[in-house]
$ cat query_19.csv   # CSV, C-alpha atoms and all ligand atoms
chain,number,residue,atom,x,y,z
A,20,MET,CA,177.9,54.7,113.6
A,21,ALA,CA,176.5,52.7,116.5
A,22,GLU,CA,173.9,50.1,116.1
A,23,PRO,CA,170.4,51.5,116.4
A,24,ILE,CA,168.5,50.7,119.6
A,25,VAL,CA,164.8,49.7,119.7
A,26,TYR,CA,163.1,50.4,123.0
A,27,GLY,CA,159.8,48.5,123.7
A,28,PHE,CA,158.4,45.4,125.2
A,29,PRO,CA,158.7,42.0,123.4
A,30,ARG,CA,155.0,41.4,122.6
A,31,SER,CA,154.2,44.9,121.4
A,32,THR,CA,152.6,44.9,118.0
A,33,PHE,CA,154.2,48.2,117.0
A,34,VAL,CA,157.6,47.2,118.3
A,35,ASN,CA,157.5,44.1,116.1
A,36,ILE,CA,156.7,46.2,113.0
A,37,VAL,CA,160.0,48.0,113.6
A,38,ARG,CA,161.9,44.8,114.3
A,39,LEU,CA,160.5,43.2,111.2
A,40,VAL,CA,161.7,46.1,109.1
A,41,LEU,CA,165.2,46.1,110.6
A,42,THR,CA,165.4,42.4,110.2
A,43,HIS,CA,164.3,42.5,106.6
A,44,LYS,CA,166.9,45.1,105.8
A,45,ASP,CA,169.5,43.1,107.7
A,46,VAL,CA,170.3,46.0,110.1
A,47,PRO,CA,171.9,44.8,113.3
A,48,TYR,CA,170.3,46.5,116.3
A,49,VAL,CA,170.0,46.3,120.1
A,50,PHE,CA,166.6,45.7,121.7
A,51,LYS,CA,166.0,47.3,125.1
A,52,ASP,CA,163.1,45.9,127.1
A,53,LEU,CA,161.2,48.7,128.9
A,54,GLU,CA,158.6,46.3,130.5
A,55,THR,CA,159.7,47.1,134.1
A,56,VAL,CA,159.9,50.8,133.6
A,57,MET,CA,156.8,51.4,131.4
A,58,GLY,CA,155.1,54.7,132.4
A,59,ARG,CA,158.1,55.7,134.7
A,60,ALA,CA,160.3,58.7,134.1
A,61,GLU,CA,162.9,56.7,132.3
A,62,HIS,CA,160.3,55.6,129.7
A,63,LEU,CA,158.6,59.0,129.5
A,64,ALA,CA,161.9,60.7,128.8
A,65,LEU,CA,162.0,58.7,125.6
A,66,HIS,CA,158.3,58.8,124.7
A,67,PRO,CA,156.2,61.5,126.3
A,68,PHE,CA,152.9,59.8,125.2
A,69,ASN,CA,153.8,56.7,127.3
A,70,ARG,CA,154.0,54.3,124.3
A,71,VAL,CA,156.5,52.1,122.5
A,72,PRO,CA,158.5,51.8,120.2
A,73,ILE,CA,161.2,54.3,120.3
A,74,LEU,CA,164.3,54.2,118.1
A,75,ARG,CA,167.7,55.7,119.0
A,76,HIS,CA,170.3,56.0,116.3
A,77,ASP,CA,173.5,57.7,117.6
A,78,ASP,CA,172.3,61.1,118.9
A,79,PHE,CA,168.9,60.9,117.2
A,80,THR,CA,165.8,59.6,119.0
A,81,VAL,CA,162.4,59.2,117.3
A,82,TYR,CA,159.1,57.7,118.3
A,83,GLU,CA,155.9,56.8,116.3
A,84,THR,CA,156.2,53.7,114.3
A,85,SER,CA,155.5,55.2,110.9
A,86,ALA,CA,158.3,57.8,111.4
A,87,ILE,CA,160.7,55.1,112.7
A,88,VAL,CA,160.2,52.7,109.8
A,89,SER,CA,160.4,55.5,107.2
A,90,TYR,CA,163.6,56.6,108.8
A,91,ILE,CA,165.0,53.1,108.8
A,92,ASP,CA,164.0,52.5,105.1
A,93,ASP,CA,165.6,55.8,104.1
A,94,VAL,CA,168.8,55.6,106.1
A,95,PHE,CA,169.9,51.9,105.8
A,96,THR,CA,170.8,50.1,102.7
A,97,GLY,CA,169.1,46.7,101.9
A,98,SER,CA,165.8,45.9,100.3
A,99,ARG,CA,163.8,49.1,99.8
A,100,LEU,CA,160.3,48.8,101.3
A,101,THR,CA,158.9,52.2,100.1
A,102,PRO,CA,157.7,52.5,96.5
A,103,GLN,CA,159.5,55.1,94.4
A,104,ASP,CA,156.4,56.0,92.4
A,105,LEU,CA,154.2,58.6,94.2
A,106,ARG,CA,150.9,56.8,93.8
A,107,GLY,CA,152.4,53.5,95.2
A,108,ARG,CA,153.7,55.5,98.1
A,109,ALA,CA,150.3,57.1,98.7
A,110,ARG,CA,148.7,53.6,98.6
A,111,MET,CA,151.3,52.3,101.1
A,112,ASN,CA,150.6,55.2,103.5
A,113,GLN,CA,146.9,54.6,103.1
A,114,TRP,CA,147.3,51.0,104.4
A,115,ILE,CA,149.7,52.1,107.2
A,116,SER,CA,147.1,54.7,108.4
A,117,ALA,CA,144.3,52.1,108.0
A,118,VAL,CA,146.2,49.7,110.3
A,119,ASN,CA,146.6,52.4,112.9
A,120,SER,CA,143.0,53.5,112.7
A,121,TYR,CA,140.8,50.5,111.7
A,122,PHE,CA,142.8,47.3,112.4
A,123,TYR,CA,145.0,47.7,115.4
A,124,PRO,CA,142.4,49.2,117.7
A,125,TYR,CA,139.9,46.4,117.1
A,126,MET,CA,142.2,43.4,116.5
A,127,ILE,CA,144.6,44.2,119.3
A,128,TYR,CA,143.3,46.7,121.9
A,129,HIS,CA,139.9,45.1,121.9
A,130,VAL,CA,139.9,41.4,121.0
A,131,THR,CA,143.5,40.3,121.6
A,132,HIS,CA,143.6,42.1,124.9
A,133,GLU,CA,140.3,40.7,126.1
A,134,ARG,CA,141.0,37.2,124.9
A,135,LEU,CA,144.7,36.8,125.6
A,136,VAL,CA,146.4,39.6,127.5
A,137,PHE,CA,143.9,40.1,130.3
A,138,PRO,CA,143.0,36.4,130.9
A,139,GLU,CA,146.8,35.7,131.2
A,140,LEU,CA,146.8,38.2,134.1
A,141,GLY,CA,143.7,36.7,135.7
A,142,ILE,CA,141.4,39.5,134.4
A,143,ALA,CA,138.1,38.3,132.9
A,144,SER,CA,137.2,39.2,129.3
A,145,ASP,CA,134.7,41.9,128.7
A,146,GLU,CA,132.4,40.3,126.1
A,147,LYS,CA,130.9,43.7,125.2
A,148,VAL,CA,134.3,44.9,124.0
A,149,VAL,CA,134.8,41.8,121.9
A,150,SER,CA,131.3,41.9,120.4
A,151,HIS,CA,131.7,45.5,119.4
A,152,ALA,CA,135.0,44.9,117.7
A,153,LEU,CA,134.3,41.8,115.7
A,154,PRO,CA,132.1,43.4,113.0
A,155,GLN,CA,134.7,46.2,112.6
A,156,ILE,CA,137.4,43.6,112.0
A,157,GLU,CA,135.2,41.7,109.6
A,158,LEU,CA,134.7,44.9,107.6
A,159,GLY,CA,138.4,45.6,107.5
A,160,LEU,CA,139.3,42.0,106.4
A,161,GLY,CA,136.6,42.3,103.7
A,162,VAL,CA,138.4,45.4,102.4
A,163,ILE,CA,141.8,43.6,102.4
A,164,GLU,CA,140.3,40.5,100.8
A,165,ARG,CA,138.9,42.5,97.8
A,166,GLU,CA,142.3,44.1,97.3
A,167,LEU,CA,144.2,40.9,97.5
A,168,ALA,CA,141.7,38.9,95.4
A,169,ARG,CA,142.8,41.0,92.4
A,170,GLY,CA,145.8,38.7,92.4
A,171,ALA,CA,148.7,40.7,93.9
A,172,ASP,CA,151.0,38.9,96.3
A,173,TYR,CA,151.2,41.9,98.7
A,174,LEU,CA,148.9,44.6,99.9
A,175,ILE,CA,149.7,47.2,97.3
A,176,GLY,CA,150.9,45.0,94.4
A,177,PRO,CA,153.7,42.6,93.5
A,178,GLU,CA,156.3,44.2,95.8
A,179,LEU,CA,156.6,43.8,99.6
A,180,THR,CA,156.3,47.2,101.3
A,181,LEU,CA,156.2,48.7,104.7
A,182,ALA,CA,152.4,48.3,104.5
A,183,ASP,CA,152.7,44.5,104.7
A,184,PHE,CA,155.0,44.6,107.7
A,185,TYR,CA,152.5,47.0,109.3
A,186,MET,CA,149.6,44.5,108.9
A,187,LEU,CA,151.6,41.4,109.9
A,188,PRO,CA,151.8,41.6,113.7
A,189,CYS,CA,148.1,42.6,114.1
A,190,SER,CA,147.1,39.7,111.9
A,191,PHE,CA,149.3,37.3,113.8
A,192,ALA,CA,148.1,38.2,117.3
A,193,PHE,CA,144.4,38.2,116.3
A,194,GLY,CA,145.0,34.8,114.6
A,195,LEU,CA,145.8,33.4,118.0
A,196,THR,CA,142.3,34.0,119.3
A,197,ASP,CA,139.3,31.7,118.6
A,198,GLU,CA,137.5,34.5,116.9
A,199,GLY,CA,140.4,35.3,114.7
A,200,GLN,CA,140.7,31.7,113.6
A,201,SER,CA,137.1,31.3,112.7
A,202,MET,CA,136.9,34.7,110.9
A,203,TYR,CA,140.1,34.1,108.9
A,204,ARG,CA,138.4,31.1,107.2
A,205,LYS,CA,136.0,33.5,105.4
A,206,PHE,CA,138.9,35.3,103.7
A,207,PRO,CA,141.0,33.0,101.5
A,208,ALA,CA,143.0,35.6,99.7
A,209,PHE,CA,144.0,37.2,103.0
A,210,GLY,CA,144.9,33.7,104.2
A,211,ARG,CA,147.3,33.2,101.3
A,212,TRP,CA,148.8,36.7,102.1
A,213,ARG,CA,149.2,35.6,105.7
A,214,ASP,CA,150.9,32.3,104.7
A,215,ARG,CA,153.2,34.2,102.4
A,216,MET,CA,154.1,36.7,105.1
A,217,GLU,CA,154.6,34.1,107.8
A,218,SER,CA,156.9,32.1,105.5
A,219,LEU,CA,159.2,35.0,104.7
A,220,PRO,CA,162.8,34.4,106.0
A,221,THR,CA,162.4,37.8,107.7
A,222,THR,CA,159.4,36.7,109.7
A,223,ARG,CA,160.9,33.4,110.6
A,224,ARG,CA,164.2,35.0,111.7
A,225,LEU,CA,162.5,37.6,113.9
A,226,ARG,CA,160.1,35.0,115.5
A,227,ALA,CA,163.0,32.6,116.2
A,228,GLY,CA,164.8,35.4,118.2
A,229,LEU,CA,161.8,36.4,120.3
A,230,PRO,CA,161.3,35.1,123.8
A,231,LEU,CA,158.4,32.7,124.5
A,232,ARG,CA,155.1,34.5,124.8
A,233,ALA,CA,154.7,35.5,128.5
A,234,PRO,CA,152.1,37.6,130.3
A,235,ILE,CA,152.7,41.4,130.0
A,236,PRO,CA,152.7,42.6,133.6
A,237,HIS,CA,152.2,46.3,133.0
A,238,ALA,CA,149.1,45.5,130.9
A,239,ARG,CA,147.2,45.0,134.2
A,240,GLU,CA,146.8,48.8,134.2
A,241,TRP,CA,145.2,48.8,130.7
A,242,ALA,CA,142.0,47.2,132.2
A,243,THR,CA,141.3,50.6,133.7
A,244,SER,CA,143.3,53.0,131.6
A,245,HIS,CA,142.6,51.8,128.0
A,246,ARG,CA,139.6,49.6,128.1
A,247,PRO,CA,136.6,50.9,126.1
A,248,LYS,CA,133.3,51.2,128.1
A,249,TYR,CA,130.2,50.1,126.2
A,301,LIG,N1,151.0,55.7,117.6
A,301,LIG,C1,151.9,54.8,118.2
A,301,LIG,C2,151.2,53.7,118.9
A,301,LIG,C3,152.1,52.8,119.7
A,301,LIG,C4,151.4,51.9,120.7
A,301,LIG,O1,150.2,52.1,120.9
A,301,LIG,N2,152.1,51.0,121.3
A,301,LIG,C5,151.6,50.2,122.3
A,301,LIG,C6,152.2,48.8,122.2
A,301,LIG,S1,151.8,48.0,120.7
A,301,LIG,C7,152.0,50.7,123.7
A,301,LIG,O2,153.0,51.4,123.8
A,301,LIG,N3,151.3,50.3,124.7
A,301,LIG,C8,151.8,50.6,126.0
A,301,LIG,C9,150.8,51.1,127.0
A,301,LIG,O3,149.7,51.5,126.5
A,301,LIG,O4,151.0,51.1,128.1
A,301,LIG,C10,153.0,54.3,117.2
A,301,LIG,O5,152.6,54.3,116.0
A,301,LIG,O6,154.1,54.0,117.5
$ encode --input "query_19.csv" --output "structure tokens"
Amino acid sequence: MAEPIVYGFPRSTFVNIVRLVLTHKDVPYVFKDLETVMGRAEHLALHPFNRVPILRHDDFTVYETSAIVSYIDDVFTGSRLTPQDLRGRARMNQWISAVNSYFYPYMIYHVTHERLVFPELGIASDEKVVSHALPQIELGLGVIERELARGADYLIGPELTLADFYMLPCSFAFGLTDEGQSMYRKFPAFGRWRDRMESLPTTRRLRAGLPLRAPIPHAREWATSHRPKY
């Protein structure tokens, strides 16, 4: 079988979830950067909703990160990242959905875009978007903090699962903002989880292979297409 192909752009949060999982399972793969064709026919043929990542494995193409990482975990050998017991699996899926619904939108779409992505393109931050997001992020981090304060190393217990790799890229990017750095000081158990996740050989290996952070040219359009209006 051919090596799987991951399509995306290098700074994408969701693309990096997929790359972390492939790296952790030691699956060789090819990365195809779609930056210059985002939103064009070539991209939309792979993802009709105009997003990344997309995975191609031989003649099989799939989009949506949760579908992609479940497929990878099921199809490839290497450390299993899905609990076998049904309640553990439900708890993992609960966190995956929570990242999609309650963490990613506020940490990334709202704060990281306003504080990093837009200013890097010469677009001023919208303070209303940031102010609206911060209490939502604080609420989410409080929920994680209570979970982790019970003593487990990872989000759902003693074992690393897909849920941890789902949370990692959001927590990394938000941690690059001033707001992230000051908020993280209030959540010590979450800080220990972050240190543990950032120190994993998987995380170090992926980061070492990524290009230096550079502006995301196609993100210029997000200031009109995606920006919330308050
Ligand atoms: N529900 C999708 C969300 C993917 C998503 O929002 N990806 C972002 C990058 S992290 C994207 O494609 N943004 C491109 C754009 O909006 O132009 C998934 O789980 O894969």
$ residues_near_ligand --input "query_19.csv" --ligand "ligand LIG 301 (chain A)" --cutoff "6 Å" --atoms "all atoms listed in the file" --output "list in words"
Ser31, Thr32, Phe33, Arg70, Val71, Pro72, Glu83, Thr84 and Ser85 of chain A
$ closest_residue --input "query_19.csv" --among "A:Ala60, A:Ile127, A:Leu105, A:Ile24" --to "Cys189 in chain A" --atoms "all atoms listed in the file"
A:Ile127
$ closest_residue --input "query_19.csv" --among "A:Phe193, A:Phe137, A:Phe184, A:Phe209" --to "Leu39 in chain A" --atoms "only C-alpha atoms"
A:Phe184
$ residues_around --input "query_19.csv" --residues "range 226-230 of chain A" --least-positions-apart "6" --cutoff "10 Å" --atoms "all atoms listed in the file" --output "number ranges by chain"
A: 29-30, 35, 39, 217, 220
$ write_last_selection --input "query_19.csv" --atoms "C-alpha atoms" --output "JSON list (two decimals), in the coordinates of the input"
[["chain", "number", "residue", "atom", "x", "y", "z"],
["A", 29, "PRO", "CA", 158.70, 42.00, 123.40],
["A", 30, "ARG", "CA", 155.00, 41.40, 122.60],
["A", 35, "ASN", "CA", 157.50, 44.10, 116.10],
["A", 39, "LEU", "CA", 160.50, 43.20, 111.20],
["A", 217, "GLU", "CA", 154.60, 34.10, 107.80],
["A", 220, "PRO", "CA", 162.80, 34.40, 106.00]]
$ closest_atom_pairs --input "query_19.csv" --of "range 75-122 of chain A" --to "range 175-183 of chain A" --cutoff "6 Å" --atoms "all atoms listed in the file" --output "CSV"
residue,atom,partner,partner_atom,distance
A:Leu100,CA,A:Thr180,CA,4.3
A:Thr101,CA,A:Thr180,CA,5.8
A:Met111,CA,A:Ala182,CA,5.4
A:Trp114,CA,A:Ala182,CA,5.8
A:Ile115,CA,A:Ala182,CA,5.4
$ atom_distance --input "query_19.csv" --atom1 "CA of Glu146 in chain A" --atom2 "CA of Ser201 in chain A"
16.8 Å
$ atom_distance --input "query_19.csv" --atom1 "CA of Leu65 in chain A" --atom2 "CA of His245 in chain A"
20.7 Å
$ closest_residue --input "query_19.csv" --among "A:Arg38, A:His66, A:His237, A:His151" --to "Tyr249 in chain A" --atoms "only C-alpha atoms"
A:His151
$ residues_around --input "query_19.csv" --residues "Pro124 in chain A" --least-positions-apart "5" --cutoff "12 Å" --atoms "only C-alpha atoms" --output "list of chain:residue names"
A:Thr32, A:Phe33, A:Ser116, A:Ala117, A:Val118, A:Asn119, A:His129, A:Val130, A:Thr131, A:His132, A:Val148, A:Val149, A:His151, A:Ala152, A:Leu153, A:Gln155, A:Ile156, A:Gly159, A:Cys189, A:Phe193, A:His245, A:Arg246, A:Pro247
$ write_last_selection --input "query_19.csv" --atoms "C-alpha atoms" --output "mmCIF file, in the coordinates of the input"
data_model
loop_
_atom_site.group_PDB
_atom_site.id
_atom_site.type_symbol
_atom_site.label_atom_id
_atom_site.label_comp_id
_atom_site.auth_asym_id
_atom_site.auth_seq_id
_atom_site.Cartn_x
_atom_site.Cartn_y
_atom_site.Cartn_z
ATOM 1 C CA THR A 32 152.600 44.900 118.000
ATOM 2 C CA PHE A 33 154.200 48.200 117.000
ATOM 3 C CA SER A 116 147.100 54.700 108.400
ATOM 4 C CA ALA A 117 144.300 52.100 108.000
ATOM 5 C CA VAL A 118 146.200 49.700 110.300
ATOM 6 C CA ASN A 119 146.600 52.400 112.900
ATOM 7 C CA HIS A 129 139.900 45.100 121.900
ATOM 8 C CA VAL A 130 139.900 41.400 121.000
ATOM 9 C CA THR A 131 143.500 40.300 121.600
ATOM 10 C CA HIS A 132 143.600 42.100 124.900
ATOM 11 C CA VAL A 148 134.300 44.900 124.000
ATOM 12 C CA VAL A 149 134.800 41.800 121.900
ATOM 13 C CA HIS A 151 131.700 45.500 119.400
ATOM 14 C CA ALA A 152 135.000 44.900 117.700
ATOM 15 C CA LEU A 153 134.300 41.800 115.700
ATOM 16 C CA GLN A 155 134.700 46.200 112.600
ATOM 17 C CA ILE A 156 137.400 43.600 112.000
ATOM 18 C CA GLY A 159 138.400 45.600 107.500
ATOM 19 C CA CYS A 189 148.100 42.600 114.100
ATOM 20 C CA PHE A 193 144.400 38.200 116.300
ATOM 21 C CA HIS A 245 142.600 51.800 128.000
ATOM 22 C CA ARG A 246 139.600 49.600 128.100
ATOM 23 C CA PRO A 247 136.600 50.900 126.100
#
$ atom_distance --input "query_19.csv" --atom1 "CA of Arg165 in chain A" --atom2 "CA of Pro102 in chain A"
21.3 Å
$ closest_residue --input "query_19.csv" --among "A:Tyr128, A:Tyr48, A:Phe68, A:Phe191" --to "Phe95 in chain A" --atoms "only C-alpha atoms"
A:Tyr48
$ decode --input "query_19.csv" --residues "range 193-204 of chain A" --atoms "N, CA and C atoms" --output "short mmCIF file (atom, residue, chain, number, x, y, z; two decimals), in the first residue's frame"
data_model
loop_
_atom_site.label_atom_id
_atom_site.label_comp_id
_atom_site.auth_asym_id
_atom_site.auth_seq_id
_atom_site.Cartn_x
_atom_site.Cartn_y
_atom_site.Cartn_z
N PHE A 193 -2.90 28.83 21.39
CA PHE A 193 -3.43 29.84 22.33
C PHE A 193 -2.33 30.26 23.31
N GLY A 194 -1.45 29.32 23.64
CA GLY A 194 -0.33 29.60 24.56
C GLY A 194 0.70 30.55 23.97
N LEU A 195 0.62 30.83 22.68
CA LEU A 195 1.55 31.80 22.07
C LEU A 195 1.03 33.23 22.23
N THR A 196 -0.21 33.38 22.68
CA THR A 196 -0.76 34.73 22.84
C THR A 196 -0.53 35.21 24.29
N ASP A 197 -0.52 36.52 24.49
CA ASP A 197 -0.35 37.05 25.85
C ASP A 197 -1.49 36.59 26.74
N GLU A 198 -2.70 36.60 26.18
CA GLU A 198 -3.87 36.19 26.96
C GLU A 198 -3.73 34.73 27.40
N GLY A 199 -3.26 33.90 26.49
CA GLY A 199 -3.07 32.48 26.81
C GLY A 199 -2.05 32.32 27.93
N GLN A 200 -0.93 33.03 27.80
CA GLN A 200 0.11 32.85 28.82
C GLN A 200 -0.39 33.28 30.19
N SER A 201 -1.14 34.38 30.26
CA SER A 201 -1.56 34.77 31.61
C SER A 201 -2.69 33.86 32.10
N MET A 202 -3.56 33.41 31.22
CA MET A 202 -4.64 32.54 31.68
C MET A 202 -4.09 31.18 32.15
N TYR A 203 -3.10 30.66 31.47
CA TYR A 203 -2.58 29.33 31.80
C TYR A 203 -2.02 29.29 33.24
N ARG A 204 -1.58 30.45 33.75
CA ARG A 204 -1.02 30.45 35.13
C ARG A 204 -2.07 30.06 36.17
#
